[in-house]
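Notes follow once the structure below has been shown.
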Amino acid sequence: MSSSGGLSFLRLLLFICAAASTTTLVGATDHIVGANRGWNPGINYTLWANNQTFYVGDLISFRYQKNQYNAFEVNETDYDNCTLYGAVGNWSSGKDFILLDKAKRYYFICPNGCFNGMKVSVLVHPLPSPPTAAASSGHSSSNKTAASGQAVSRPGFFIIIGALLVSLSSIWV
């Protein structure tokens with residue numbers, strides 16, 4: 001194989017690695033309320049929410065018939081009473097994507113179906129801290145985040161930078 005052929009192969013290999021690792025750069029999850037059943041009456045959304053883990057930066061999305069239902073973000077009192085006095089958001093497109101941008105408990109209801117179960121409360125957690133050098137090398141057992149397996153690493157960033165450098169070097173050579 002010639003040196004230019006080897007360099008092309010290396011660039012292709014780095015590009016594939018970079019493309020495969022980009023999922024590590026995008027950590028947000030889109031939580032579709034009710035999964036394949038969507039936002040409809042008669043579904044236990046508390047059970048659905050309890051089987052999800054929400055982090056700051058994730059999305060919660062509501063899928064429903066546009067002219068029949070909607071979604072309101074409300075306070076805890078309105079959630080408990082199926083009222084809209086403290087509503088802070090209203091979505092009605094039928095395919096709503098809502099950014100969960102704070103670590104807190106969010107409350108959502110549909111006024112038309114709230115008494116038939118169309119309400120969901122989700123607790124959004126802060127992003128886990130990246131592992132420290134001591135925790136990632138195995139010298140610390142007191143780091144609960146690293147020990148629980150919830151630590152987030154971003155090796156894809158370095159692969160992408162490497163691929164860009166190799167690509168740029170081939171232009172300059």
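Residue numbering restarts at 1 in every chain; chains get A, B, ... in the order shown in the structure tokens, and ligands count up from 1 in that same order.
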Note to self: Residues within 10 Å of Asn90 of chain A, please, as an MDAnalysis selection string. Count only C-alpha atoms; anything in the same chain fewer than 5 positions from it doesn't count.
What the structure shows: chainID A and resid 70:74 96 108:110
Note to self: When you look at segment 113-115 of chain A with a cut-off of 10 Å (counting only C-alpha atoms), what residues show up, excluding the ones that are within fewer than 3 positions of it in the same chain? I need them as a list in words.
What the structure shows: Trp39, Asn40, Pro41, Gly42, Gln68, Tyr69, Asn70, Tyr79, Asp80, Asn81, Cys82, Thr83, Phe108, Ile109, Cys110, Met118, Lys119 and Val120 of chain A
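Atom CA of Thr46 of chain A sits 7.0 Å away from atom CA of Ser121 of chain A.
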Checklist line | Residue nearest Trp48 of chain A among A:Gly89, A:Gly94, A:Pro111, A:Gly117 (counting only C-alpha atoms) | finding: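 The answer is A:Gly117, which sits nearest to Trp48 of chain A.
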Notebook entry, point to check: Looking at A:Ala87, A:Ile43, A:Leu123, A:Ala103, which one is nearest to Val56 of chain A, with distances taken over only C-alpha atoms?
Noted result: A:Ala103
Next item on the list: Compare A:Ser92, A:Asn44, A:Asn116, A:Thr29 by their minimum atom-to-atom distance to Gly57 of chain A, counting only C-alpha atoms, and give me the closest one.
Entry: A:Thr29
Next item on the list: Please identify all polymer residues within 8 Å of Asp30 of chain A, counting only C-alpha atoms, omitting same-chain residues fewer than 4 positions from it, and present them as a list in words.
Entry: Asp58, Leu59, Ile60 and Ser61 of chain A
Save out the residues we just selected, N, CA, C and O atoms, as a JSON list (two decimals), in the first residue's frame.
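selection15.json written:
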[["chain", "number", "residue", "atom", "x", "y", "z"],
["A", 58, "ASP", "N", -32.21, 16.64, 29.17],
["A", 58, "ASP", "CA", -33.07, 15.67, 28.49],
["A", 58, "ASP", "C", -34.33, 16.37, 27.98],
["A", 58, "ASP", "O", -34.64, 17.50, 28.38],
["A", 59, "LEU", "N", -35.03, 15.68, 27.11],
["A", 59, "LEU", "CA", -36.31, 16.16, 26.60],
["A", 59, "LEU", "C", -37.42, 15.24, 27.09],
["A", 59, "LEU", "O", -37.21, 14.04, 27.22],
["A", 60, "ILE", "N", -38.56, 15.82, 27.33],
["A", 60, "ILE", "CA", -39.76, 15.03, 27.54],
["A", 60, "ILE", "C", -40.68, 15.39, 26.39],
["A", 60, "ILE", "O", -40.83, 16.56, 26.04],
["A", 61, "SER", "N", -41.23, 14.37, 25.72],
["A", 61, "SER", "CA", -42.08, 14.68, 24.57],
["A", 61, "SER", "C", -43.44, 14.02, 24.73],
["A", 61, "SER", "O", -43.57, 12.93, 25.26]]
Next item on the list: Have a look at A:Val122, A:Glu76, A:Val88, A:Leu127 and name the one nearest to Leu47 of chain A; count only C-alpha atoms.
Entry: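 Of all the options, A:Val122 lies closest to Leu47 of chain A.
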